[in-house]
$ cat upload-v4.txt   # compact mmCIF, C-alpha atoms
# COMPACT_ATOMS: atom_id res chain seq x y z
CA MET A 687 2.06 -3.84 -4.51
CA HIS A 688 1.35 -3.98 -0.77
CA LEU A 689 4.60 -5.39 0.56
CA PHE A 690 5.17 -4.16 4.13
CA ARG A 691 2.83 -1.22 3.66
CA PHE A 692 1.73 -1.65 7.27
CA LEU A 693 4.89 0.20 8.28
CA VAL A 694 3.68 3.31 6.50
CA LEU A 695 0.28 2.97 8.12
CA THR A 696 1.63 2.67 11.63
CA ALA A 697 3.81 5.72 11.12
CA SER A 698 0.90 7.89 10.02
CA LEU A 699 -1.35 6.44 12.73
CA SER A 700 1.11 7.23 15.49
CA VAL A 701 1.44 10.80 14.32
CA SER A 702 -2.33 11.29 14.28
CA GLY A 703 -2.68 9.88 17.82
CA CYS A 704 -5.64 7.56 17.16
CA ASN A 705 -7.39 6.12 20.17
CA THR A 706 -6.40 2.48 20.79
CA MET A 707 -9.75 1.53 22.31
CA LEU A 708 -11.62 2.75 19.25
CA LEU A 709 -9.19 0.85 17.02
CA SER A 710 -9.89 -2.34 18.92
CA ALA A 711 -13.64 -1.81 18.73
CA TYR A 712 -13.44 -1.11 15.03
CA THR A 713 -11.69 -4.41 14.29
CA GLN A 714 -13.54 -6.59 16.82
CA GLU A 715 -15.52 -8.36 14.11
CA LYS A 716 -13.06 -7.87 11.28
CA ASP A 717 -10.56 -10.67 11.89
CA PRO A 718 -12.36 -14.03 12.12
CA MET A 719 -9.29 -15.78 10.67
CA GLU A 720 -6.90 -14.37 13.27
CA PRO A 721 -5.10 -17.68 14.08
CA PHE A 722 -4.31 -18.23 10.40
CA ASN A 723 -3.41 -14.59 9.83
CA ARG A 724 -1.01 -14.56 12.77
CA LYS A 725 0.82 -17.58 11.36
CA VAL A 726 1.18 -15.87 7.99
CA TYR A 727 2.39 -12.72 9.75
CA ALA A 728 5.01 -14.75 11.64
CA PHE A 729 6.20 -16.23 8.33
CA ASN A 730 6.40 -12.79 6.68
CA ASP A 731 8.28 -11.38 9.66
CA ALA A 732 10.79 -14.25 9.60
CA VAL A 733 11.46 -13.80 5.86
CA ASP A 734 11.88 -10.08 6.34
CA LYS A 735 14.37 -10.39 9.20
CA ALA A 736 16.37 -13.15 7.52
CA VAL A 737 16.52 -11.85 3.95
CA LEU A 738 14.66 -8.72 2.92
CA LYS A 739 15.67 -6.25 5.61
CA PRO A 740 19.43 -7.04 5.58
CA VAL A 741 19.55 -6.80 1.77
CA ALA A 742 17.53 -3.57 1.83
CA GLN A 743 19.90 -2.06 4.40
CA GLY A 744 22.89 -2.95 2.24
CA TYR A 745 21.23 -1.47 -0.84
CA ALA A 746 20.40 1.75 1.01
CA LYS A 747 24.03 2.20 2.08
CA VAL A 748 25.65 1.44 -1.27
CA VAL A 749 23.33 2.90 -3.92
CA PRO A 750 23.52 6.69 -4.51
CA VAL A 751 20.50 8.78 -3.55
CA SER A 752 20.01 9.93 -7.15
CA VAL A 753 19.72 6.34 -8.39
CA LYS A 754 17.27 5.40 -5.63
CA MET A 755 15.16 8.44 -6.53
CA MET A 756 15.00 7.41 -10.19
CA VAL A 757 13.94 3.90 -9.22
CA ASN A 758 11.20 5.35 -7.00
CA ASN A 759 10.04 7.62 -9.82
CA PHE A 760 9.93 4.71 -12.26
CA PHE A 761 7.65 2.56 -10.12
CA SER A 762 5.53 5.56 -9.09
CA ASN A 763 4.91 6.26 -12.77
CA LEU A 764 3.81 2.68 -13.38
CA ASP A 765 1.47 2.95 -10.39
CA ASP A 766 -0.11 6.10 -11.85
CA VAL A 767 -1.50 4.01 -14.72
CA VAL A 768 -3.55 1.95 -12.22
CA VAL A 769 -4.47 5.09 -10.29
CA THR A 770 -5.82 6.77 -13.43
CA ALA A 771 -7.93 3.75 -14.37
CA ASN A 772 -9.51 3.68 -10.93
CA ASP A 773 -10.07 7.44 -11.01
CA LEU A 774 -12.27 6.86 -14.06
CA LEU A 775 -14.09 3.93 -12.45
CA GLN A 776 -14.90 6.19 -9.48
CA LEU A 777 -16.05 9.01 -11.80
CA LYS A 778 -13.27 11.31 -10.55
CA PHE A 779 -12.68 12.83 -13.95
CA ILE A 780 -10.67 15.90 -12.89
CA GLN A 781 -8.38 13.72 -10.81
CA ALA A 782 -8.09 11.27 -13.71
CA ALA A 783 -6.97 14.10 -16.00
CA SER A 784 -4.29 15.08 -13.47
CA ASP A 785 -3.05 11.52 -12.93
CA GLY A 786 -3.17 10.75 -16.63
CA SER A 787 -1.08 13.85 -17.28
CA ARG A 788 1.49 12.57 -14.81
CA VAL A 789 1.77 9.33 -16.75
CA LEU A 790 1.98 11.07 -20.13
CA PHE A 791 4.63 13.65 -19.26
CA ASN A 792 6.71 11.46 -16.95
CA SER A 793 6.76 8.63 -19.51
CA THR A 794 7.97 10.98 -22.28
CA PHE A 795 9.83 14.03 -20.97
CA GLY A 796 10.70 12.10 -17.80
CA ILE A 797 12.43 9.31 -19.77
CA PHE A 798 10.08 6.39 -19.03
CA GLY A 799 9.32 7.76 -15.57
CA LEU A 800 12.89 7.92 -14.29
CA LEU A 801 12.46 11.66 -13.77
CA ASN A 802 9.44 13.24 -12.12
CA VAL A 803 8.70 16.28 -14.27
CA THR A 804 5.19 16.63 -12.85
CA ASP A 805 6.06 17.22 -9.20
CA ARG A 806 3.56 20.09 -9.09
CA LEU A 807 0.72 17.64 -9.74
CA GLU A 808 -0.48 15.79 -6.64
CA LYS A 809 0.28 12.07 -6.43
CA HIS A 810 -2.93 10.16 -5.63
CA ASN A 811 -3.59 6.71 -4.20
CA GLU A 812 -6.36 4.74 -5.90
CA ASP A 813 -6.77 1.01 -6.56
CA PHE A 814 -9.59 -1.37 -7.41
CA GLY A 815 -10.12 -2.28 -3.76
CA GLN A 816 -10.92 1.37 -3.11
CA THR A 817 -13.12 1.44 -6.20
CA LEU A 818 -15.17 -1.48 -4.86
CA GLY A 819 -15.46 0.34 -1.53
CA TYR A 820 -16.46 3.54 -3.31
CA TRP A 821 -19.42 1.70 -4.84
CA GLY A 822 -20.50 0.27 -1.52
CA MET A 823 -18.76 -3.10 -1.16
CA PRO A 824 -17.66 -3.76 2.46
CA SER A 825 -14.06 -4.73 3.12
CA GLY A 826 -14.92 -8.21 4.39
CA PRO A 827 -12.65 -10.15 6.75
CA TYR A 828 -9.09 -9.01 7.31
CA LEU A 829 -6.57 -11.16 5.46
CA MET A 830 -2.79 -11.43 5.86
CA LEU A 831 -1.22 -12.44 2.55
CA PRO A 832 2.12 -14.27 2.35
CA ILE A 833 4.89 -11.76 1.51
CA LEU A 834 2.36 -9.17 0.29
CA GLY A 835 1.21 -8.34 3.81
CA PRO A 836 -2.06 -6.83 5.14
CA SER A 837 -5.18 -7.03 2.99
CA SER A 838 -8.85 -7.98 3.11
CA MET A 839 -11.18 -10.08 0.99
CA ARG A 840 -12.19 -6.98 -0.97
CA ASP A 841 -8.69 -5.57 -1.32
CA GLY A 842 -7.21 -8.94 -2.24
CA SER A 843 -9.70 -9.22 -5.10
CA GLY A 844 -8.89 -5.65 -6.08
CA LEU A 845 -5.19 -6.42 -6.17
CA TYR A 846 -5.85 -9.20 -8.68
CA ALA A 847 -8.11 -6.97 -10.79
CA ASP A 848 -5.51 -4.20 -10.90
CA SER A 849 -3.02 -6.61 -12.44
CA PHE A 850 -5.04 -6.53 -15.68
CA VAL A 851 -4.59 -2.75 -15.94
CA SER A 852 -1.07 -2.55 -14.60
CA VAL A 853 1.79 -2.21 -17.06
CA MET A 854 3.74 -4.76 -15.04
CA GLY A 855 0.85 -7.22 -15.27
CA ARG A 856 1.26 -7.31 -19.05
CA ILE A 857 5.03 -7.76 -19.21
CA LYS A 858 6.16 -10.77 -21.23
CA PRO A 859 7.69 -13.28 -20.75
CA ASP A 860 6.42 -14.34 -17.34
CA PRO A 861 9.85 -14.45 -15.61
CA ALA A 862 10.45 -10.81 -16.55
CA ARG A 863 7.07 -9.86 -15.07
CA TYR A 864 7.80 -11.66 -11.81
CA GLU A 865 11.21 -10.01 -11.58
CA THR A 866 9.62 -6.59 -12.01
CA TYR A 867 7.12 -7.27 -9.23
CA ILE A 868 9.96 -8.40 -6.96
CA ALA A 869 11.96 -5.28 -7.78
CA GLU A 870 8.95 -3.06 -6.96
CA GLY A 871 8.39 -4.82 -3.65
CA PHE A 872 12.06 -4.58 -2.76
CA ASN A 873 12.03 -0.86 -3.57
CA GLU A 874 9.12 -0.41 -1.15
CA ARG A 875 11.05 -2.27 1.53
CA VAL A 876 14.03 0.04 1.14
CA ASN A 877 11.79 3.09 1.46
CA LEU A 878 10.36 1.79 4.74
CA LEU A 879 13.61 1.27 6.61
CA GLU A 880 13.31 4.53 8.55
CA ARG A 881 9.55 4.48 9.08
CA GLU A 882 9.50 1.03 10.65
CA LYS A 883 11.16 2.45 13.77
CA VAL A 884 7.74 3.80 14.75
CA LEU A 885 6.33 0.28 14.80
CA ASP A 886 9.11 -0.98 17.07
CA GLU A 887 8.71 1.89 19.53
CA ALA A 888 4.93 2.24 19.58
CA THR A 889 3.51 -1.24 19.96
CA ILE A 890 3.54 -4.42 21.99
CA ASP A 891 1.26 -6.54 19.81
CA ARG A 892 2.70 -5.75 16.38
CA TYR A 893 0.15 -7.91 14.58
CA GLY A 894 -2.87 -6.28 16.22
CA PHE A 895 -1.57 -2.78 15.71
CA MET A 896 -0.81 -3.49 12.07
CA ARG A 897 -4.29 -4.93 11.46
CA ASP A 898 -6.07 -2.01 13.11
CA ALA A 899 -3.97 0.56 11.28
CA TYR A 900 -4.56 -1.15 7.95
CA LEU A 901 -8.35 -1.35 8.28
CA MET A 902 -8.72 2.25 9.42
CA HIS A 903 -6.35 3.54 6.76
CA ARG A 904 -8.19 1.72 3.98
CA GLN A 905 -11.51 3.06 5.26
CA SER A 906 -10.03 6.54 5.13
CA LEU A 907 -8.79 6.05 1.56
CA VAL A 908 -12.20 4.86 0.34
CA TYR A 909 -13.72 8.13 1.62
CA ASP A 910 -10.77 10.29 0.49
CA GLY A 911 -9.73 11.07 4.04
CA SER A 912 -13.19 11.83 5.44
CA PRO A 913 -14.76 8.49 6.49
CA PRO A 914 -18.08 8.48 8.36
CA ARG A 915 -17.64 8.23 12.10
CA GLN A 916 -18.10 4.71 13.44
CA LYS A 917 -20.19 4.20 16.57
CA TYR A 918 -19.60 1.28 18.91
CA ASP A 919 -21.63 -0.33 21.64
CA ASP A 920 -18.92 0.26 24.26
CA GLU A 921 -18.67 4.00 23.67
CA GLU A 922 -19.94 6.19 26.47

$ encode --input "upload-v4.txt" --output "structure tokens"
Amino acid sequence: MHLFRFLVLTASLSVSGCNTMLLSAYTQEKDPMEPFNRKVYAFNDAVDKAVLKPVAQGYAKVVPVSVKMMVNNFFSNLDDVVVTANDLLQLKFIQAASDGSRVLFNSTFGIFGLLNVTDRLEKHNEDFGQTLGYWGMPSGPYLMLPILGPSSMRDGSGLYADSFVSVMGRIKPDPARYETYIAEGFNERVNLLEREKVLDEATIDRYGFMRDAYLMHRQSLVYDGSPPRQKYDDEE
């Protein structure tokens, strides 16, 4: 789930010191629906400030660290199922064996993923949006989704496709599935309380910074951290 993931992106982007002019050039043609996207962003921001952030702050203060860690482990284990499926679709068989092992051992010896007994195995990030990019599909226009946050036409389609593989996507009855998705999103919001300080300190146009960070980060993920260098007309 992509709820408020832009906060993670801005944190990593600030640390790496990316050039703002290159970011702007990269996204110049990527946001044809900017007026609509900005309205959705304003809605998301209002919901966050009014409801999600205050509740997340209360949860972070009251719930013991050990319990929060088990909740994180549980949702990370569910995510590894989707990661493994996309490993296979991208022909990354060694990585698929590693991620599949994480699911197997954490789901059994880790008591349904509450304990991470495979911490020596690297946690990967793969989804169907990345798989489509791996096979050559461009990201398409940038798209801000209500509540879910930053996306694109390609990644939005990928998010829907991943729901067919996801364990949460197959939970019955429907209300239980929706509650699980909400719990996962809320868990992400709690984890981002500290990292969001970077966004407040580093930017003036929060929307533009978020968009640029998202597009560059997704490009990096598609190429496993080594994307081809983009050239722009305004570069000297």

$ closest_residue --input "upload-v4.txt" --among "A:Arg915, A:Ala862, A:Ser752, A:Arg892" --to "Leu801 of chain A" --atoms "all atoms listed in the file"
A:Ser752

$ closest_residue --input "upload-v4.txt" --among "A:Asn877, A:Asp765, A:Arg904, A:Ser843" --to "Val751 of chain A" --atoms "all atoms listed in the file"
A:Asn877

$ atom_distance --input "upload-v4.txt" --atom1 "atom CA of Met719 of chain A" --atom2 "atom CA of Gly894 of chain A"
12.7 Å

$ residues_around --input "upload-v4.txt" --residues "segment 785-794 of chain A" --least-positions-apart "2" --cutoff "6 Å" --atoms "only C-alpha atoms" --output "compact mmCIF listing (two decimals) with C-alpha atoms, keeping the file's coordinate frame"
# COMPACT_ATOMS: atom_id res chain seq x y z
CA ASN A 763 4.91 6.26 -12.77
CA THR A 770 -5.82 6.77 -13.43
CA ALA A 782 -8.09 11.27 -13.71
CA ALA A 783 -6.97 14.10 -16.00
CA GLY A 796 10.70 12.10 -17.80
CA ILE A 797 12.43 9.31 -19.77
CA PHE A 798 10.08 6.39 -19.03
CA GLY A 799 9.32 7.76 -15.57
CA ASN A 802 9.44 13.24 -12.12
CA VAL A 803 8.70 16.28 -14.27
CA THR A 804 5.19 16.63 -12.85

$ closest_residue --input "upload-v4.txt" --among "A:Leu831, A:Arg881, A:Thr866, A:Arg897" --to "Lys725 of chain A" --atoms "only C-alpha atoms"
A:Leu831

$ atom_distance --input "upload-v4.txt" --atom1 "atom CA of Tyr846 of chain A" --atom2 "atom CA of Asp813 of chain A"
10.5 Å

$ closest_residue --input "upload-v4.txt" --among "A:Asp848, A:Asp898, A:Glu715, A:Asp841" --to "Met823 of chain A" --atoms "only C-alpha atoms"
A:Asp841

$ closest_residue --input "upload-v4.txt" --among "A:Ile890, A:Leu907, A:Glu874, A:Leu738" --to "Phe814 of chain A" --atoms "all atoms listed in the file"
A:Leu907

$ closest_residue --input "upload-v4.txt" --among "A:Leu764, A:Gly871, A:Gly819, A:Tyr745" --to "Arg856 of chain A" --atoms "all atoms listed in the file"
A:Leu764

$ atom_distance --input "upload-v4.txt" --atom1 "atom CA of Val908 of chain A" --atom2 "atom CA of Tyr820 of chain A"
5.8 Å

$ residues_near_point --input "upload-v4.txt" --point "(-4.4, -10.1, 1.7)" --cutoff "10 Å" --atoms "all atoms listed in the file" --output "ChimeraX atom specification"
/A:688,723,827-843,845

$ residues_around --input "upload-v4.txt" --residues "Ser906 of chain A" --least-positions-apart "3" --cutoff "12 Å" --atoms "only C-alpha atoms" --output "PyMOL selection string"
chain A and resi 695+699+811-812+816+819-820+899-903+909-916
